[in-house]
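Encoded as structure tokens, the structure appears first; notes follow it.
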Amino acid sequence: MILGRDIIIEILKTENVRYIFGNPGTTELSLIDRIIRECDLEYVLALQEASALGMADGYARATNRPAFVNLHASAGLGNAMGALTNAAYMHSPLVVTAGQQDYRHIVDDPWLSGDLVGMAKPFTKWAHEIRTVDEIGPVLRRAFKDANTHPKGPVFLSLPFHFMDEPSSSPIPAKSHVYDLPLAVGMDLLADSLLDCGPSEIAVIACDEISRADALTEVVTIVEKLGCDVFGAPVHDSVVFPTSHPLWVSMMSPSAEEIRELLEPYKKVFVIGDRGFMGLIYSGSPIPEHTEILHLSADSSTVAYTYETSGGFVGNIKASLERLDDYLGERVTAKVRLEERERARREEDQTNIERVQAQMTRKPMHPETAAYYIASSIQDDAIIVEEAPSMGVYLRKYIKTSKRLQYNFSKGGGLGWAMPAAVGIALSERQSKTICIVGDGAAMYSPQAIWTAAHKKLSMTFIVANNSEYGILKNFLRGHYPNQGEERFIGMDISDPAVNFIALAASMGVHAIKIDDPQCIPEAVREANDHSGVSLIEITVAPSVEHSNTPQAANYQE
């Protein structure tokens, strides 16, 4: 007979799991003891459970298949909840487990016990607590299948401690092979509707499902045949369209009012993917009255979810776009518009460069200046993981992306994602340099990830944009609750005392430098890229300044 922990190990191996992300405790030690004797599995130690889950999230994103996480009891799951909400928003395929107390005295509510299923359920596709050792095999197989079934997302299993050492008489279920590639019907109707408009009358909204479906090539083909503008869905977290393409416009703001203004010139809007209009602050409907919505997604729950859709099509977007291409012929007007946009794009790029050069002497440096020099210094094959709220909008402007993993962000909204996610991505993509660009506030949520990166000897660079504040929150207050007279903020400054990121990196065995001159950024990035291990670059950037008459402006000198 085979023990419960042996069942878990055999299933992990046949599910092609290489890494177990976690932070162990007593309720997990039986499983840890079994992993020690298993050379096919590598334990990735995170020094806090939120980082463990964030690393698994990044690894799942890179591999596009489920990653395995093992947390410690209710306290460990509680620590990881913020990271779990991010994973749920981003549809990250994760199999999350946590050790539960021994069932033989669970009635006494012993130390480390808790309602793990109740905790995990709101942010997982489903959550379950193992009730017998014979359940482990079929339920764990189900977990891997469901995490990877569209719409993908995290699932949760609670593993009572004593079942790990209990023998099972049931055979380990074999891995199932599910081939699920449904083609959306009505692609001929969609083509007719799109061809009914001129290139300037159509806009495409590209969503994160494009990246998860590996459908970038197909989207580019369709867009070029239509000759239409392309917007990224608000706060999209992956590469949804090549940002160097002349038909790319920009990412939309998570403001319904601003989206409505952007879409006003268009007769039809074609949403490709899951969520095209996600907002933050209420400001009415994002859809202009005269604009018709067409929507293609593999997730039926997002099609016609809130707004009237004249044509909703449900199916795998990669396969469906290939079929749509069969119905779209070449249009001369599309080629003409593509050429016009190429000329306009060159002029726009030149204007941006001139603006950056004009603010070169400002001290501390403007975040746009830092973003420009970072973007112009990194290698083409580098993988960017970003969580720098005050700099991110500029980075998206200057980093030219064309591949699925080149740019990564979290639309979950919970800070602390980027540093551990970058570690998970770097574990998968060892042939490329992973560069994590993070704000000082976000960095302090999960600095433990630096240690794991160093411990695993990964090829990584952490770039900390330090403005000593939560700048994006200050700007929000300035815009929505303007103060009369002197500005005052509570709970938004990280300056007394200042965080010493150089010392923090050194405490974890990582070489670090600090930069306050933008002209030093290219050399620092190149040196970090040539370094085979982990390095950290701290860049001092200006605090947020919305109005020239604010006290902060006095420190923002030419």
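Following the order of the structure tokens, first chain is A, next is B, and so on, with residues numbered from 1 inside each chain and ligands from 1 in the order they appear.
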Under the rule of at most 10 Å, produce a per-residue listing of stretch 373-396 of chain A near stretch 437-445 of chain A: chain, number, name, the closest pair of atoms, and the distance in Å, as a Markdown table, using only C-alpha atoms.
| residue | atom | partner | partner_atom | distance |
| --- | --- | --- | --- | --- |
| A:Ile374 | CA | A:Ile437 | CA | 9.4 |
| A:Ile384 | CA | A:Ile437 | CA | 7.3 |
| A:Val385 | CA | A:Ile437 | CA | 6.2 |
| A:Glu386 | CA | A:Ile437 | CA | 4.8 |
| A:Glu387 | CA | A:Val438 | CA | 4.6 |
| A:Ala388 | CA | A:Gly439 | CA | 4.2 |
| A:Pro389 | CA | A:Gly439 | CA | 6.7 |
| A:Ser390 | CA | A:Gly439 | CA | 7.5 |
| A:Met391 | CA | A:Gly439 | CA | 8.0 |
| A:Gly392 | CA | A:Ile437 | CA | 8.8 |
| A:Leu395 | CA | A:Ile437 | CA | 9.4 |
So that I can check the surroundings of A:Asn16, please list as a PDB file with N, CA and C atoms, in the first residue's frame every protein, DNA and RNA residue that reaches within 10 Å of it, counting only C-alpha atoms and ignoring chain neighbours fewer than 2 positions away.
ATOM      1  N   ILE A  11       1.643  12.126  -8.246  1.00  0.00           N
ATOM      2  CA  ILE A  11       0.787  12.949  -9.101  1.00  0.00           C
ATOM      3  C   ILE A  11       1.530  14.210  -9.545  1.00  0.00           C
ATOM      4  N   LEU A  12       2.282  14.820  -8.657  1.00  0.00           N
ATOM      5  CA  LEU A  12       3.052  16.000  -9.042  1.00  0.00           C
ATOM      6  C   LEU A  12       4.026  15.667 -10.167  1.00  0.00           C
ATOM      7  N   LYS A  13       4.671  14.530 -10.080  1.00  0.00           N
ATOM      8  CA  LYS A  13       5.632  14.134 -11.113  1.00  0.00           C
ATOM      9  C   LYS A  13       4.936  13.920 -12.457  1.00  0.00           C
ATOM     10  N   THR A  14       3.807  13.252 -12.453  1.00  0.00           N
ATOM     11  CA  THR A  14       3.120  12.974 -13.715  1.00  0.00           C
ATOM     12  C   THR A  14       2.387  14.198 -14.261  1.00  0.00           C
ATOM     13  N   ARG A  18       7.753  20.721 -11.512  1.00  0.00           N
ATOM     14  CA  ARG A  18       9.183  20.728 -11.194  1.00  0.00           C
ATOM     15  C   ARG A  18       9.460  21.395  -9.854  1.00  0.00           C
ATOM     16  N   TYR A  19       8.705  22.459  -9.551  1.00  0.00           N
ATOM     17  CA  TYR A  19       8.956  23.235  -8.340  1.00  0.00           C
ATOM     18  C   TYR A  19       7.754  23.180  -7.395  1.00  0.00           C
ATOM     19  N   ASP A  40      13.339  14.594  -8.542  1.00  0.00           N
ATOM     20  CA  ASP A  40      12.643  15.236  -9.659  1.00  0.00           C
ATOM     21  C   ASP A  40      11.915  16.517  -9.249  1.00  0.00           C
ATOM     22  N   LEU A  41      11.819  16.764  -7.951  1.00  0.00           N
ATOM     23  CA  LEU A  41      11.105  17.934  -7.452  1.00  0.00           C
ATOM     24  C   LEU A  41      12.059  18.838  -6.680  1.00  0.00           C
ATOM     25  N   ARG A  65       0.869  26.874 -17.452  1.00  0.00           N
ATOM     26  CA  ARG A  65       0.272  25.654 -16.905  1.00  0.00           C
ATOM     27  C   ARG A  65       0.318  25.734 -15.378  1.00  0.00           C
ATOM     28  N   PRO A  66      -0.402  24.852 -14.676  1.00  0.00           N
ATOM     29  CA  PRO A  66      -0.533  25.007 -13.226  1.00  0.00           C
ATOM     30  C   PRO A  66       0.791  24.894 -12.472  1.00  0.00           C
ATOM     31  N   ALA A  67       0.952  25.772 -11.482  1.00  0.00           N
ATOM     32  CA  ALA A  67       2.058  25.701 -10.529  1.00  0.00           C
ATOM     33  C   ALA A  67       1.505  25.218  -9.197  1.00  0.00           C
TER      34      ALA A  67
END
Neighbouring residues of A:Asp214 were defined as those with any atom within 12 Å, considering only C-alpha atoms; residues of the same chain fewer than 6 positions away were excluded. Please report them as a PyMOL selection string. chain A and resi 61-64+207-208+220+238-241+273+316-319+321+402-405
Please, could you write that set of residues out with all heavy atoms as a compact mmCIF listing (two decimals), in the first residue's frame?
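Result written to again39.txt:
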# COMPACT_ATOMS: atom_id res chain seq x y z
N ARG A 61 2.43 31.84 -14.97
CA ARG A 61 2.30 32.77 -16.09
C ARG A 61 3.32 32.43 -17.17
O ARG A 61 3.00 32.43 -18.36
CB ARG A 61 2.51 34.20 -15.59
CG ARG A 61 2.65 35.23 -16.69
CD ARG A 61 3.00 36.58 -16.10
NE ARG A 61 1.85 37.14 -15.41
CZ ARG A 61 1.17 38.20 -15.83
NH1 ARG A 61 1.51 38.80 -16.94
NH2 ARG A 61 0.15 38.65 -15.14
N ALA A 62 4.55 32.14 -16.75
CA ALA A 62 5.61 31.88 -17.73
C ALA A 62 5.38 30.56 -18.47
O ALA A 62 5.57 30.48 -19.68
CB ALA A 62 6.97 31.85 -17.02
N THR A 63 4.96 29.53 -17.75
CA THR A 63 4.80 28.21 -18.36
C THR A 63 3.43 28.00 -18.96
O THR A 63 3.22 27.08 -19.75
CB THR A 63 5.04 27.11 -17.30
OG1 THR A 63 4.08 27.26 -16.23
CG2 THR A 63 6.45 27.20 -16.73
N ASN A 64 2.46 28.84 -18.55
CA ASN A 64 1.07 28.72 -19.01
C ASN A 64 0.45 27.38 -18.62
O ASN A 64 -0.39 26.83 -19.35
CB ASN A 64 0.97 28.93 -20.52
CG ASN A 64 -0.34 29.61 -20.92
OD1 ASN A 64 -1.07 30.13 -20.07
ND2 ASN A 64 -0.66 29.58 -22.19
N CYS A 207 -7.40 42.32 -24.91
CA CYS A 207 -7.45 41.94 -23.49
C CYS A 207 -6.44 40.82 -23.19
O CYS A 207 -5.88 40.21 -24.09
CB CYS A 207 -8.86 41.48 -23.13
SG CYS A 207 -10.16 42.65 -23.59
N ASP A 208 -6.27 40.55 -21.90
CA ASP A 208 -5.24 39.61 -21.46
C ASP A 208 -5.45 38.18 -21.94
O ASP A 208 -4.50 37.40 -22.01
CB ASP A 208 -5.15 39.61 -19.93
CG ASP A 208 -4.48 40.87 -19.41
OD1 ASP A 208 -3.35 41.14 -19.83
OD2 ASP A 208 -5.09 41.57 -18.60
N VAL A 220 -2.74 40.36 -34.63
CA VAL A 220 -2.06 41.28 -35.54
C VAL A 220 -2.57 41.09 -36.98
O VAL A 220 -2.82 42.07 -37.69
CB VAL A 220 -0.53 41.07 -35.48
CG1 VAL A 220 0.17 41.85 -36.60
CG2 VAL A 220 0.01 41.50 -34.13
N SER A 238 -0.45 41.87 -19.40
CA SER A 238 0.45 41.10 -20.24
C SER A 238 0.56 41.79 -21.61
O SER A 238 -0.03 42.85 -21.82
CB SER A 238 -0.07 39.67 -20.42
OG SER A 238 -1.41 39.68 -20.92
N VAL A 239 1.33 41.20 -22.51
CA VAL A 239 1.45 41.76 -23.85
C VAL A 239 0.24 41.31 -24.65
O VAL A 239 0.09 40.13 -24.97
CB VAL A 239 2.75 41.30 -24.53
CG1 VAL A 239 2.84 41.87 -25.95
CG2 VAL A 239 3.96 41.74 -23.72
N VAL A 240 -0.64 42.25 -24.99
CA VAL A 240 -1.87 41.93 -25.71
C VAL A 240 -1.81 42.31 -27.18
O VAL A 240 -2.66 41.91 -27.97
CB VAL A 240 -3.09 42.60 -25.04
CG1 VAL A 240 -3.28 42.07 -23.62
CG2 VAL A 240 -2.93 44.12 -25.02
N PHE A 241 -0.79 43.13 -27.52
CA PHE A 241 -0.58 43.55 -28.90
C PHE A 241 0.81 44.18 -28.95
O PHE A 241 1.23 44.81 -27.98
CB PHE A 241 -1.63 44.58 -29.33
CG PHE A 241 -1.69 44.83 -30.82
CD1 PHE A 241 -2.37 43.95 -31.64
CD2 PHE A 241 -1.07 45.93 -31.39
CE1 PHE A 241 -2.44 44.17 -33.02
CE2 PHE A 241 -1.12 46.15 -32.75
CZ PHE A 241 -1.81 45.26 -33.57
N GLY A 273 -11.08 39.09 -26.13
CA GLY A 273 -10.64 38.63 -24.82
C GLY A 273 -11.70 38.81 -23.78
O GLY A 273 -12.87 39.04 -24.08
N ASN A 316 -12.52 29.56 -28.27
CA ASN A 316 -11.09 29.79 -28.19
C ASN A 316 -10.69 30.89 -29.16
O ASN A 316 -10.96 30.80 -30.37
CB ASN A 316 -10.34 28.50 -28.52
CG ASN A 316 -8.85 28.68 -28.51
OD1 ASN A 316 -8.26 29.10 -29.49
ND2 ASN A 316 -8.23 28.34 -27.39
N ILE A 317 -10.05 31.96 -28.66
CA ILE A 317 -9.84 33.12 -29.53
C ILE A 317 -8.77 32.86 -30.58
O ILE A 317 -8.86 33.40 -31.69
CB ILE A 317 -9.53 34.39 -28.72
CG1 ILE A 317 -8.27 34.23 -27.87
CG2 ILE A 317 -10.70 34.76 -27.83
CD1 ILE A 317 -7.87 35.52 -27.20
N LYS A 318 -7.78 32.04 -30.29
CA LYS A 318 -6.75 31.76 -31.30
C LYS A 318 -7.36 31.03 -32.50
O LYS A 318 -7.20 31.44 -33.65
CB LYS A 318 -5.65 30.91 -30.69
CG LYS A 318 -4.45 30.65 -31.61
CD LYS A 318 -3.40 29.81 -30.90
CE LYS A 318 -2.19 29.56 -31.78
NZ LYS A 318 -1.36 30.78 -31.94
N ALA A 319 -8.09 29.95 -32.23
CA ALA A 319 -8.71 29.18 -33.31
C ALA A 319 -9.80 29.99 -34.02
O ALA A 319 -9.94 29.93 -35.25
CB ALA A 319 -9.30 27.88 -32.74
N LEU A 321 -10.04 33.32 -34.30
CA LEU A 321 -9.47 34.38 -35.14
C LEU A 321 -8.88 33.82 -36.43
O LEU A 321 -8.91 34.48 -37.47
CB LEU A 321 -8.39 35.15 -34.35
CG LEU A 321 -8.91 36.04 -33.22
CD1 LEU A 321 -7.75 36.62 -32.43
CD2 LEU A 321 -9.81 37.16 -33.75
N SER A 402 6.72 42.67 -28.23
CA SER A 402 6.14 41.91 -29.33
C SER A 402 5.91 40.45 -28.96
O SER A 402 5.24 39.72 -29.69
CB SER A 402 7.05 41.97 -30.56
OG SER A 402 8.33 41.46 -30.26
N LYS A 403 6.44 40.00 -27.80
CA LYS A 403 6.30 38.62 -27.38
C LYS A 403 5.50 38.53 -26.08
O LYS A 403 5.46 39.48 -25.30
CB LYS A 403 7.69 37.98 -27.19
CG LYS A 403 8.55 37.99 -28.44
CD LYS A 403 9.93 37.43 -28.13
CE LYS A 403 10.84 37.51 -29.35
NZ LYS A 403 12.21 37.05 -29.05
N ARG A 404 4.94 37.37 -25.85
CA ARG A 404 3.99 37.19 -24.75
C ARG A 404 4.55 37.57 -23.39
O ARG A 404 3.89 38.21 -22.59
CB ARG A 404 3.53 35.72 -24.72
CG ARG A 404 2.41 35.44 -23.73
CD ARG A 404 1.99 33.98 -23.80
NE ARG A 404 2.99 33.10 -23.22
CZ ARG A 404 3.04 32.78 -21.93
NH1 ARG A 404 2.17 33.30 -21.09
NH2 ARG A 404 3.96 31.96 -21.47
N LEU A 405 5.78 37.20 -23.07
CA LEU A 405 6.32 37.39 -21.73
C LEU A 405 7.17 38.65 -21.57
O LEU A 405 7.75 38.86 -20.51
CB LEU A 405 7.16 36.18 -21.32
CG LEU A 405 6.42 34.98 -20.73
CD1 LEU A 405 7.40 33.87 -20.41
CD2 LEU A 405 5.63 35.36 -19.49
When you count only C-alpha atoms, which of these residues is closest to A:Phe156: A:Val69, A:His236, A:Gly22, A:Ile210?
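Using only C-alpha atoms, A:Phe156 sits closest to A:Val69.
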Need the shell around A:Glu129: protein/DNA/RNA residues with any atom at most 12 Å away, counting only C-alpha atoms. Skip same-chain ones fewer than 6 positions apart. Format as a list in words?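 Selected residues are Val96, Thr97, Ala98, Gly99, Gln100, Gln101, Tyr103, Gly114, Asp115, Leu116, Val117, Gly118, Met119, Ala120, Lys121, Glu135, Ile136, Val139, Leu140, Ala143, Val155, Phe156, Leu157, Ser158, Leu159, Pro160, Phe161 and Phe163 of chain A.
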Find the residue from A:Ser200, A:Ser283, A:Ser428, A:Ser301 that sits nearest to A:Ala334; use only C-alpha atoms when measuring.
->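 So, comparing all the options, the nearest one is A:Ser200.
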From atom CA of A:Met252 to atom CA of A:Asn408 the spacing works out at 16.5 Å
